>>> print(open('work02.cif').read())   # mmCIF, C-alpha atoms and all ligand atoms
data_model
#
loop_
_atom_site.label_atom_id
_atom_site.label_comp_id
_atom_site.auth_asym_id
_atom_site.auth_seq_id
_atom_site.Cartn_x
_atom_site.Cartn_y
_atom_site.Cartn_z
CA MET A 53 -48.93 -17.72 51.52
CA GLU A 54 -50.00 -18.92 54.92
CA ASP A 55 -51.14 -16.27 57.37
CA ILE A 56 -48.36 -16.41 59.91
CA LEU A 57 -48.74 -13.11 61.71
CA LYS A 58 -50.31 -13.34 65.15
CA THR A 59 -53.63 -11.65 65.80
CA VAL A 60 -54.46 -9.17 68.53
CA ARG A 61 -57.87 -8.41 70.02
CA LEU A 62 -58.63 -4.75 69.37
CA GLY A 63 -60.28 -3.94 72.68
CA LYS A 64 -64.04 -3.96 73.01
CA THR A 65 -64.52 -4.04 69.24
CA GLU A 66 -63.59 -7.74 69.60
CA LEU A 67 -62.02 -7.40 66.15
CA MET A 68 -59.01 -9.66 65.75
CA VAL A 69 -56.38 -7.79 63.75
CA THR A 70 -52.90 -8.82 62.72
CA GLU A 71 -50.18 -7.77 65.16
CA VAL A 72 -48.92 -5.32 62.54
CA GLY A 73 -51.17 -3.37 60.22
CA PHE A 74 -50.70 -1.23 57.14
CA GLY A 75 -50.63 2.59 57.25
CA GLY A 76 -52.00 4.29 54.14
CA ILE A 77 -49.84 7.44 53.80
CA PRO A 78 -46.71 6.27 51.90
CA ILE A 79 -48.64 4.81 48.96
CA ILE A 80 -49.88 8.30 48.07
CA PRO A 81 -46.96 9.21 45.77
CA LEU A 82 -46.97 5.79 44.08
CA LYS A 83 -48.66 5.25 40.75
CA LYS A 84 -51.94 3.40 41.16
CA ASP A 85 -50.80 0.02 39.82
CA GLU A 86 -47.64 0.18 41.92
CA ALA A 87 -49.62 1.05 45.08
CA VAL A 88 -52.13 -1.72 44.37
CA SER A 89 -49.32 -4.21 43.99
CA VAL A 90 -47.72 -3.13 47.33
CA VAL A 91 -51.05 -3.45 49.17
CA LYS A 92 -51.72 -6.85 47.58
CA HIS A 93 -48.24 -7.95 48.59
CA CYS A 94 -48.96 -6.94 52.18
CA PHE A 95 -52.10 -9.08 52.03
CA GLU A 96 -50.05 -12.00 50.72
CA LEU A 97 -47.63 -11.50 53.62
CA GLY A 98 -50.56 -12.01 55.97
CA ILE A 99 -51.41 -8.42 56.93
CA ARG A 100 -55.16 -8.16 57.48
CA PHE A 101 -55.50 -4.67 58.98
CA PHE A 102 -55.43 -1.62 56.71
CA ASP A 103 -55.69 1.96 57.91
CA THR A 104 -56.08 5.06 55.79
CA ALA A 105 -57.85 8.44 55.86
CA ARG A 106 -59.94 10.70 53.67
CA MET A 107 -57.18 13.28 53.75
CA TYR A 108 -54.55 10.87 52.37
CA ARG A 109 -55.52 11.83 48.86
CA ASP A 110 -56.13 8.71 46.72
CA SER A 111 -54.96 6.24 49.39
CA GLU A 112 -58.51 4.94 50.02
CA GLU A 113 -59.01 4.40 46.32
CA LYS A 114 -55.76 2.46 45.92
CA ILE A 115 -56.47 0.30 48.97
CA GLY A 116 -60.03 -0.31 47.76
CA ALA A 117 -58.75 -1.45 44.36
CA ALA A 118 -56.11 -3.71 45.91
CA LEU A 119 -58.45 -5.40 48.36
CA LYS A 120 -61.28 -5.96 45.89
CA GLY A 121 -62.57 -9.50 46.39
CA MET A 122 -60.86 -9.86 49.79
CA ARG A 123 -63.24 -7.68 51.78
CA ASN A 124 -64.37 -10.41 54.15
CA GLU A 125 -60.79 -11.26 55.04
CA VAL A 126 -59.60 -7.81 56.08
CA ILE A 127 -60.32 -5.15 58.68
CA ILE A 128 -60.42 -1.64 57.20
CA ALA A 129 -60.11 1.60 59.12
CA THR A 130 -60.28 5.12 57.76
CA LYS A 131 -60.79 8.65 59.12
CA THR A 132 -62.37 12.00 58.48
CA SER A 133 -60.96 15.38 59.49
CA GLU A 134 -64.37 16.99 59.09
CA ARG A 135 -65.73 18.41 62.32
CA ASN A 136 -69.41 18.84 61.43
CA ALA A 137 -72.03 16.13 60.90
CA LYS A 138 -73.02 17.07 57.35
CA GLU A 139 -69.48 17.00 55.96
CA ALA A 140 -68.48 13.94 58.02
CA SER A 141 -71.51 12.07 56.71
CA GLU A 142 -70.51 12.93 53.15
CA HIS A 143 -67.00 11.69 53.89
CA ILE A 144 -68.32 8.34 55.10
CA ASP A 145 -70.16 7.84 51.83
CA ILE A 146 -67.09 8.82 49.80
CA SER A 147 -64.92 6.43 51.86
CA LEU A 148 -67.35 3.58 51.24
CA GLN A 149 -67.28 4.26 47.54
CA ARG A 150 -63.49 4.67 47.28
CA LEU A 151 -62.80 1.62 49.42
CA ARG A 152 -65.32 -0.36 47.34
CA THR A 153 -67.16 -1.69 50.35
CA ASP A 154 -70.58 -1.64 52.00
CA TRP A 155 -69.12 -1.22 55.47
CA ILE A 156 -66.06 0.21 57.16
CA ASP A 157 -64.90 -1.59 60.28
CA ILE A 158 -63.49 1.43 62.11
CA TYR A 159 -64.29 5.03 61.21
CA GLN A 160 -62.15 7.50 63.12
CA LEU A 161 -62.34 11.19 63.85
CA HIS A 162 -58.95 12.38 62.67
CA ASN A 163 -56.47 14.32 64.80
CA VAL A 164 -58.60 15.43 67.71
CA SER A 165 -55.72 17.02 69.57
CA ASN A 166 -57.23 19.85 71.60
CA ASP A 167 -60.25 20.56 73.81
CA GLU A 168 -61.85 22.88 71.29
CA THR A 169 -61.89 20.22 68.54
CA LEU A 170 -63.17 17.59 70.94
CA LYS A 171 -65.99 19.91 71.99
CA GLN A 172 -66.81 20.69 68.37
CA ILE A 173 -67.08 17.06 67.23
CA LEU A 174 -69.19 16.09 70.22
CA ALA A 175 -71.58 19.07 70.07
CA PRO A 176 -75.04 18.64 68.52
CA GLY A 177 -74.46 18.73 64.75
CA GLY A 178 -70.82 17.73 65.28
CA ALA A 179 -69.01 14.99 63.36
CA TYR A 180 -69.60 12.36 66.06
CA GLU A 181 -73.31 12.52 65.30
CA ALA A 182 -72.65 11.49 61.69
CA LEU A 183 -70.56 8.52 62.80
CA TYR A 184 -73.18 7.49 65.33
CA ASN A 185 -75.91 7.56 62.66
CA ALA A 186 -73.70 5.72 60.16
CA ARG A 187 -73.14 3.02 62.76
CA THR A 188 -76.87 2.70 63.30
CA ASP A 189 -77.30 2.39 59.52
CA GLY A 190 -74.64 -0.35 59.32
CA LYS A 191 -72.22 1.74 57.24
CA ILE A 192 -69.56 1.58 59.94
CA ARG A 193 -69.01 -0.95 62.71
CA PHE A 194 -67.01 0.99 65.29
CA ILE A 195 -66.14 4.59 66.08
CA GLY A 196 -62.56 5.54 66.77
CA ILE A 197 -60.54 8.66 67.36
CA SER A 198 -56.99 9.67 66.51
CA SER A 199 -55.04 12.22 68.49
CA HIS A 200 -51.55 13.57 69.20
CA SER A 201 -52.36 15.01 72.60
CA ILE A 202 -52.46 12.90 75.75
CA SER A 203 -54.78 15.29 77.58
CA ALA A 204 -57.25 15.53 74.67
CA ALA A 205 -57.15 11.74 74.22
CA VAL A 206 -57.80 11.16 77.95
CA LYS A 207 -60.82 13.47 77.78
CA ALA A 208 -62.08 11.71 74.66
CA LEU A 209 -61.74 8.28 76.28
CA ASP A 210 -63.49 9.50 79.42
CA THR A 211 -66.63 10.16 77.36
CA GLY A 212 -66.92 6.41 76.76
CA LEU A 213 -67.94 7.12 73.16
CA PHE A 214 -64.94 5.65 71.35
CA GLN A 215 -64.05 2.02 70.78
CA THR A 216 -60.55 2.62 69.42
CA LEU A 217 -57.79 5.18 69.86
CA GLN A 218 -55.00 5.84 67.39
CA PHE A 219 -51.99 7.60 68.89
CA PRO A 220 -48.29 8.09 68.00
CA PHE A 221 -46.17 5.42 69.67
CA ASN A 222 -42.48 4.68 69.24
CA PHE A 223 -39.41 4.62 71.45
CA ILE A 224 -39.13 8.41 71.33
CA GLU A 225 -42.83 9.01 71.90
CA HIS A 226 -43.30 6.46 74.66
CA ASP A 227 -45.15 8.69 77.18
CA PRO A 228 -48.61 7.26 76.33
CA ALA A 229 -47.52 3.92 77.82
CA ASP A 230 -47.43 5.55 81.29
CA GLU A 231 -50.82 7.20 81.52
CA LEU A 232 -52.93 7.06 78.39
CA PHE A 233 -52.63 3.42 77.40
CA PRO A 234 -53.37 2.08 80.90
CA LEU A 235 -56.60 4.12 80.88
CA ALA A 236 -57.48 2.84 77.39
CA ARG A 237 -56.89 -0.74 78.50
CA GLN A 238 -58.96 -0.24 81.63
CA LEU A 239 -61.80 1.00 79.40
CA ASP A 240 -61.08 -1.81 76.91
CA VAL A 241 -60.48 0.66 74.07
CA GLY A 242 -58.52 -0.86 71.15
CA LEU A 243 -55.12 0.76 70.62
CA ILE A 244 -53.61 1.53 67.22
CA GLY A 245 -50.06 2.90 67.17
CA MET A 246 -49.27 5.46 64.50
CA LYS A 247 -45.78 6.72 63.59
CA PRO A 248 -43.99 3.51 64.67
CA LEU A 249 -40.86 4.85 62.94
CA GLY A 250 -41.24 8.34 64.37
CA GLY A 251 -42.78 9.73 61.19
CA GLY A 252 -39.63 8.85 59.22
CA LEU A 253 -37.14 10.29 61.74
CA LEU A 254 -36.08 6.96 63.25
CA ALA A 255 -33.75 5.06 60.94
CA ARG A 256 -33.27 2.02 63.23
CA ALA A 257 -36.34 -0.02 62.30
CA ASP A 258 -34.97 -3.00 64.26
CA LEU A 259 -35.03 -0.98 67.48
CA CYS A 260 -38.42 0.54 66.64
CA PHE A 261 -40.12 -2.81 66.19
CA GLY A 262 -38.19 -4.38 69.08
CA PHE A 263 -39.59 -1.61 71.30
CA LEU A 264 -43.14 -1.99 69.94
CA GLN A 265 -43.09 -5.74 70.46
CA GLN A 266 -42.76 -5.07 74.18
CA HIS A 267 -46.25 -3.52 73.97
CA PRO A 268 -48.21 -6.11 71.97
CA TYR A 269 -51.57 -4.58 73.00
CA VAL A 270 -50.84 -1.63 70.66
CA VAL A 271 -51.20 -2.50 66.98
CA PRO A 272 -48.70 -0.50 64.91
CA ILE A 273 -49.60 0.60 61.39
CA PRO A 274 -46.28 1.36 59.66
CA GLY A 275 -46.48 2.90 56.23
CA MET A 276 -45.00 0.65 53.53
CA CYS A 277 -44.23 2.04 50.12
CA SER A 278 -42.54 -0.97 48.51
CA LYS A 279 -42.69 -4.74 48.62
CA LYS A 280 -39.16 -4.81 50.01
CA GLU A 281 -40.11 -2.52 52.89
CA ALA A 282 -43.17 -4.68 53.63
CA ASP A 283 -41.01 -7.85 53.59
CA GLU A 284 -38.56 -6.28 56.04
CA ILE A 285 -41.26 -5.13 58.44
CA VAL A 286 -43.12 -8.44 58.43
CA GLU A 287 -39.81 -10.21 59.02
CA TYR A 288 -39.42 -8.27 62.29
CA TYR A 289 -42.63 -10.02 63.38
CA HIS A 290 -41.62 -13.46 62.15
CA THR A 291 -38.44 -13.22 64.18
CA PRO A 292 -39.20 -10.87 67.08
CA ARG A 293 -36.18 -9.28 68.66
CA THR A 294 -35.30 -9.42 72.34
CA LEU A 295 -33.82 -6.06 73.21
CA SER A 296 -30.35 -6.13 74.72
CA GLU A 297 -28.61 -3.72 77.11
CA THR A 298 -26.84 -2.23 74.10
CA ASP A 299 -30.17 -1.72 72.31
CA PHE A 300 -31.58 0.18 75.30
CA LYS A 301 -28.46 2.34 75.44
CA GLU A 302 -28.74 3.08 71.74
CA MET A 303 -32.40 4.03 72.12
CA ASP A 304 -31.45 6.36 74.97
CA ALA A 305 -28.75 7.96 72.85
CA ILE A 306 -31.15 8.50 69.92
CA ARG A 307 -33.79 9.87 72.31
CA THR A 308 -31.29 12.35 73.72
CA GLU A 309 -30.07 13.36 70.30
CA LEU A 310 -33.53 13.89 68.84
CA GLY A 311 -35.21 15.00 72.05
CA GLU A 312 -34.41 18.66 71.60
CA LYS A 313 -35.84 18.72 68.11
CA PHE A 314 -38.59 16.16 68.08
CA CYS A 315 -42.04 17.68 67.72
CA HIS A 316 -44.71 15.42 69.25
CA ARG A 317 -47.47 17.19 67.29
CA CYS A 318 -49.43 17.66 70.52
CA GLU A 319 -50.49 21.20 69.45
CA TYR A 320 -50.07 22.69 72.91
CA CYS A 321 -48.19 25.52 71.19
CA MET A 322 -51.22 26.38 69.07
CA PRO A 323 -52.86 28.62 68.13
CA CYS A 324 -50.22 31.14 67.14
CA GLU A 325 -51.80 34.58 67.02
CA GLN A 326 -49.84 35.39 63.88
CA GLY A 327 -51.23 32.34 62.09
CA VAL A 328 -48.07 30.22 61.96
CA ILE A 329 -49.07 26.56 61.55
CA ILE A 330 -46.28 25.26 63.78
CA PRO A 331 -46.51 21.41 64.09
CA PRO A 332 -46.44 20.51 60.36
CA VAL A 333 -43.47 22.82 59.83
CA LEU A 334 -41.55 21.13 62.63
CA ILE A 335 -42.04 17.66 61.18
CA PHE A 336 -41.01 18.69 57.67
CA ASN A 337 -37.52 17.17 58.09
CA GLY A 338 -38.99 13.70 58.74
CA PHE A 339 -41.53 14.16 55.98
CA ALA A 340 -38.84 15.24 53.53
CA LYS A 341 -36.94 11.99 54.13
CA ARG A 342 -39.92 9.92 53.00
CA PHE A 343 -41.25 11.87 50.06
CA SER A 344 -39.93 13.37 46.86
CA PRO A 345 -39.23 17.15 46.78
CA LYS A 346 -42.29 17.57 44.57
CA ILE A 347 -44.70 15.86 47.00
CA ALA A 348 -43.07 17.25 50.15
CA THR A 349 -43.17 20.87 48.97
CA THR A 350 -46.68 20.66 47.54
CA TRP A 351 -48.13 19.10 50.68
CA MET A 352 -46.43 21.43 53.08
CA GLU A 353 -46.74 24.65 51.08
CA LYS A 354 -49.46 26.27 53.20
CA ALA A 355 -47.74 25.50 56.52
CA MET A 356 -44.29 26.52 55.28
CA LYS A 357 -45.57 29.82 53.89
CA SER A 358 -47.10 30.60 57.27
CA VAL A 359 -43.59 30.75 58.79
CA GLU A 360 -43.15 34.18 57.19
CA LYS A 361 -45.68 35.54 59.69
CA CYS A 362 -43.57 34.59 62.73
CA ILE A 363 -42.58 37.65 64.76
CA GLU A 364 -40.52 35.55 67.21
CA CYS A 365 -42.67 36.54 70.17
CA GLY A 366 -41.74 33.27 71.94
CA GLU A 367 -45.26 32.52 73.21
CA CYS A 368 -45.31 29.10 71.55
CA GLU A 369 -42.05 28.15 73.26
CA GLU A 370 -43.56 28.95 76.64
CA LYS A 371 -46.46 26.62 75.89
CA CYS A 372 -44.42 23.71 74.51
CA PRO A 373 -44.14 20.97 77.19
CA TYR A 374 -40.96 19.65 75.51
CA GLN A 375 -39.19 23.01 75.66
CA LEU A 376 -38.47 22.93 71.94
CA ALA A 377 -36.64 25.93 70.47
CA ILE A 378 -39.56 26.44 68.11
CA THR A 379 -38.41 29.64 66.41
CA ASP A 380 -35.04 28.08 65.53
CA LEU A 381 -36.72 24.90 64.32
CA LEU A 382 -39.13 26.88 62.17
CA LYS A 383 -36.15 28.50 60.46
CA GLU A 384 -34.25 25.21 60.06
CA ASN A 385 -37.22 23.49 58.47
CA LEU A 386 -37.98 26.47 56.26
CA ALA A 387 -34.39 26.39 54.99
CA LEU A 388 -34.79 22.68 54.16
CA TYR A 389 -38.11 23.40 52.45
CA ASN A 390 -36.51 26.12 50.32
CA GLU A 391 -33.73 23.73 49.40
CA TYR A 392 -36.36 21.19 48.34
CA LEU A 393 -38.13 23.86 46.29
CA ARG A 394 -34.84 24.57 44.52
CA ILE A 395 -34.32 20.85 43.81
CA LYS A 396 -37.89 20.56 42.53
CA GLN A 397 -37.32 23.37 40.07
CA VAL A 398 -34.26 21.70 38.51
CA MET A 399 -35.86 18.25 38.37
S1 LIG B 1 -43.82 22.39 69.09
FE1 LIG B 1 -44.07 21.51 71.12
S2 LIG B 1 -46.14 22.06 71.72
FE2 LIG B 1 -46.02 22.38 69.54
S3 LIG B 1 -46.75 20.47 68.66
FE3 LIG B 1 -44.54 20.29 68.78
S4 LIG B 1 -44.13 19.31 70.73
FE4 LIG B 1 -46.26 20.02 70.80
S1 LIG B 2 -42.76 32.75 68.05
FE1 LIG B 2 -43.64 32.83 66.00
S2 LIG B 2 -44.69 30.89 65.81
FE2 LIG B 2 -44.33 31.18 67.98
S3 LIG B 2 -46.22 32.14 68.74
FE3 LIG B 2 -44.77 33.78 68.23
S4 LIG B 2 -45.26 34.34 66.13
FE4 LIG B 2 -46.22 32.34 66.50
#
>>> encode(input="work02.cif", output="structure tokens")
Amino acid sequence: MEDILKTVRLGKTELMVTEVGFGGIPIIPLKKDEAVSVVKHCFELGIRFFDTARMYRDSEEKIGAALKGMRNEVIIATKTSERNAKEASEHIDISLQRLRTDWIDIYQLHNVSNDETLKQILAPGGAYEALYNARTDGKIRFIGISSHSISAAVKALDTGLFQTLQFPFNFIEHDPADELFPLARQLDVGLIGMKPLGGGLLARADLCFGFLQQHPYVVPIPGMCSKKEADEIVEYYHTPRTLSETDFKEMDAIRTELGEKFCHRCEYCMPCEQGVIIPPVLIFNGFAKRFSPKIATTWMEKAMKSVEKCIECGECEEKCPYQLAITDLLKENLALYNEYLRIKQVM
């Protein structure tokens, strides 16, 4: 099929990527041949930008198998959550092997969402060092960062060390368009938009992509777990939507409805002295919509178990810039998790 998606220049990397990319999380629960066929289908639809991460289980392996023989036609990005050079360097080698390639176009430091983590990765012996050396050795072409915190991302960009930034962006999480993205564009840092559908919480894909198409300098990487889903998403790009007054009103209504419950994963509430791992618990409802009870409960087990340690001191709520009722949301999500556990047992 002819490549009919437009391409976008990804900042100073000068990489030209398709206006919509592929996010590697939702293929995790698929069987390997099924995942390979979805990724291949995305390639046939014209998608040439594929993003994944070391922590997405066998996602790299599935993408590597699907794109075998097409390496020169695609841009591949992946990430490591390791914070030290030794482990990050090992991750780069594993990524190369799993993705069946001699080079990775963009290697990102995953979820750098607070000052402490940023300091750690940039310190001597930190993960950045491994990426820098891998770039010198030709294993990776560009160094990127992913984050959920505007202030941490601003600090990271100010170092001048990163060529791309991956950040959540959708019509609920639109704040980065005001401060962070203008800075990134001024520094010519390529922008990759994660969570274009709000991590599974936003059902109106038409509005989501209509919103994103107003910001064509951010390349979204929606997760696609079936050929049908990929067809639908690519179709939004073949026939871009002009948002109407009614659309804007509907987005406002959804924003208001979700606003009191929507965790932006910025981690300002962390750490909790009792050891509650707050952000993953608060996004469990969106996660549960996308994955089977078996996957959802297995992945979230550690975070959900940590809720038992909550003594309802309220400190996290004081730190949350979105004034979320965190203790109530912890309970709500725990109840949903327990329900999923029950369903898993009878499956
Ligand atoms: S609960 Fe609030 S502070 Fe914590 S990650 Fe979510 S939005 Fe950020
Ligand atoms: S209310 Fe619970 S989760 Fe929040 S800081 Fe206190 S113990 Fe931790």
>>> closest_atom_pairs(input="work02.cif", of="segment 140-224 of chain A", to="segment 258-262 of chain A", cutoff="10 Å", atoms="only C-alpha atoms", output="tab-separated table")
residue	atom	partner	partner_atom	distance
A:Phe221	CA	A:Cys260	CA	9.6
A:Asn222	CA	A:Cys260	CA	6.4
A:Phe223	CA	A:Cys260	CA	6.4
A:Ile224	CA	A:Cys260	CA	9.2
>>> atom_distance(input="work02.cif", atom1="atom CA of Gly196 of chain A", atom2="atom CA of Thr216 of chain A")
4.4 Å
>>> residues_around(input="work02.cif", residues="Met122 of chain A", least_positions_apart="3", cutoff="10 Å", atoms="only C-alpha atoms", output="list in words")
Lys92, Phe95, Arg100, Gly116, Ala118, Leu119, Glu125 and Val126 of chain A
>>> atom_distance(input="work02.cif", atom1="atom CA of Pro78 of chain A", atom2="atom CA of Met276 of chain A")
6.1 Å
>>> residues_near_ligand(input="work02.cif", ligand="ligand LIG 1 (chain B)", cutoff="6 Å", atoms="all atoms listed in the file", output="ChimeraX atom specification")
/A:315-321,331,372-374,376,378
>>> closest_atom_pairs(input="work02.cif", of="chain A", to="ligand LIG 2 (chain B)", cutoff="9 Å", atoms="all atoms listed in the file", output="Markdown table")
| residue | atom | partner | partner_atom | distance |
| --- | --- | --- | --- | --- |
| A:Cys321 | CA | B:LIG2 | S3 | 7.3 |
| A:Met322 | CA | B:LIG2 | S3 | 7.6 |
| A:Pro323 | CA | B:LIG2 | S3 | 7.5 |
| A:Cys324 | CA | B:LIG2 | FE4 | 4.2 |
| A:Glu325 | CA | B:LIG2 | FE4 | 6.0 |
| A:Gln326 | CA | B:LIG2 | S4 | 5.2 |
| A:Gly327 | CA | B:LIG2 | FE4 | 6.7 |
| A:Val328 | CA | B:LIG2 | S2 | 5.2 |
| A:Ile329 | CA | B:LIG2 | S2 | 7.5 |
| A:Ile330 | CA | B:LIG2 | S2 | 6.2 |
| A:Ser358 | CA | B:LIG2 | S2 | 8.9 |
| A:Val359 | CA | B:LIG2 | S2 | 7.1 |
| A:Glu360 | CA | B:LIG2 | FE1 | 8.9 |
| A:Lys361 | CA | B:LIG2 | S4 | 6.6 |
| A:Cys362 | CA | B:LIG2 | FE1 | 3.7 |
| A:Ile363 | CA | B:LIG2 | S4 | 4.5 |
| A:Glu364 | CA | B:LIG2 | S1 | 3.7 |
| A:Cys365 | CA | B:LIG2 | FE3 | 4.0 |
| A:Gly366 | CA | B:LIG2 | S1 | 4.1 |
| A:Glu367 | CA | B:LIG2 | S3 | 4.6 |
| A:Cys368 | CA | B:LIG2 | S3 | 4.2 |
| A:Glu369 | CA | B:LIG2 | FE2 | 6.5 |
| A:Glu370 | CA | B:LIG2 | S3 | 8.9 |
| A:Ile378 | CA | B:LIG2 | FE2 | 6.7 |
| A:Thr379 | CA | B:LIG2 | S1 | 5.6 |
| A:Leu382 | CA | B:LIG2 | S2 | 7.8 |
>>> decode(input="work02.cif", residues="segment 290-306 of chain A", atoms="N, CA and C atoms", output="PDB file, in the first residue's frame")
ATOM      1  N   HIS A 290      -6.147  10.128   7.519  1.00  0.00           N
ATOM      2  CA  HIS A 290      -6.476  10.272   6.093  1.00  0.00           C
ATOM      3  C   HIS A 290      -7.544  11.349   5.912  1.00  0.00           C
ATOM      4  N   THR A 291      -8.446  11.403   6.881  1.00  0.00           N
ATOM      5  CA  THR A 291      -9.522  12.403   6.789  1.00  0.00           C
ATOM      6  C   THR A 291      -9.546  13.208   8.088  1.00  0.00           C
ATOM      7  N   PRO A 292      -8.571  14.137   8.230  1.00  0.00           N
ATOM      8  CA  PRO A 292      -8.484  14.905   9.474  1.00  0.00           C
ATOM      9  C   PRO A 292      -9.773  15.667   9.753  1.00  0.00           C
ATOM     10  N   ARG A 293     -10.059  15.786  11.035  1.00  0.00           N
ATOM     11  CA  ARG A 293     -11.325  16.392  11.440  1.00  0.00           C
ATOM     12  C   ARG A 293     -11.129  17.851  11.835  1.00  0.00           C
ATOM     13  N   THR A 294     -12.029  18.713  11.383  1.00  0.00           N
ATOM     14  CA  THR A 294     -12.006  20.095  11.856  1.00  0.00           C
ATOM     15  C   THR A 294     -12.955  20.150  13.046  1.00  0.00           C
ATOM     16  N   LEU A 295     -12.435  20.567  14.175  1.00  0.00           N
ATOM     17  CA  LEU A 295     -13.260  20.547  15.387  1.00  0.00           C
ATOM     18  C   LEU A 295     -14.321  21.647  15.335  1.00  0.00           C
ATOM     19  N   SER A 296     -15.534  21.270  15.723  1.00  0.00           N
ATOM     20  CA  SER A 296     -16.642  22.226  15.721  1.00  0.00           C
ATOM     21  C   SER A 296     -16.856  22.785  17.129  1.00  0.00           C
ATOM     22  N   GLU A 297     -17.733  23.773  17.229  1.00  0.00           N
ATOM     23  CA  GLU A 297     -18.116  24.327  18.536  1.00  0.00           C
ATOM     24  C   GLU A 297     -18.591  23.217  19.469  1.00  0.00           C
ATOM     25  N   THR A 298     -19.426  22.340  18.900  1.00  0.00           N
ATOM     26  CA  THR A 298     -19.975  21.235  19.696  1.00  0.00           C
ATOM     27  C   THR A 298     -18.854  20.331  20.205  1.00  0.00           C
ATOM     28  N   ASP A 299     -17.860  20.065  19.331  1.00  0.00           N
ATOM     29  CA  ASP A 299     -16.732  19.227  19.762  1.00  0.00           C
ATOM     30  C   ASP A 299     -16.027  19.857  20.961  1.00  0.00           C
ATOM     31  N   PHE A 300     -15.769  21.171  20.868  1.00  0.00           N
ATOM     32  CA  PHE A 300     -15.064  21.844  21.967  1.00  0.00           C
ATOM     33  C   PHE A 300     -15.890  21.768  23.252  1.00  0.00           C
ATOM     34  N   LYS A 301     -17.203  21.915  23.111  1.00  0.00           N
ATOM     35  CA  LYS A 301     -18.061  21.839  24.304  1.00  0.00           C
ATOM     36  C   LYS A 301     -17.994  20.433  24.898  1.00  0.00           C
ATOM     37  N   GLU A 302     -18.006  19.440  24.010  1.00  0.00           N
ATOM     38  CA  GLU A 302     -17.950  18.059  24.513  1.00  0.00           C
ATOM     39  C   GLU A 302     -16.622  17.787  25.207  1.00  0.00           C
ATOM     40  N   MET A 303     -15.538  18.309  24.646  1.00  0.00           N
ATOM     41  CA  MET A 303     -14.232  18.117  25.291  1.00  0.00           C
ATOM     42  C   MET A 303     -14.223  18.776  26.666  1.00  0.00           C
ATOM     43  N   ASP A 304     -14.829  19.969  26.750  1.00  0.00           N
ATOM     44  CA  ASP A 304     -14.899  20.663  28.042  1.00  0.00           C
ATOM     45  C   ASP A 304     -15.681  19.835  29.049  1.00  0.00           C
ATOM     46  N   ALA A 305     -16.790  19.264  28.575  1.00  0.00           N
ATOM     47  CA  ALA A 305     -17.636  18.470  29.487  1.00  0.00           C
ATOM     48  C   ALA A 305     -16.862  17.232  29.988  1.00  0.00           C
ATOM     49  N   ILE A 306     -16.143  16.574  29.082  1.00  0.00           N
ATOM     50  CA  ILE A 306     -15.383  15.377  29.479  1.00  0.00           C
ATOM     51  C   ILE A 306     -14.267  15.768  30.453  1.00  0.00           C
TER      52      ILE A 306
END
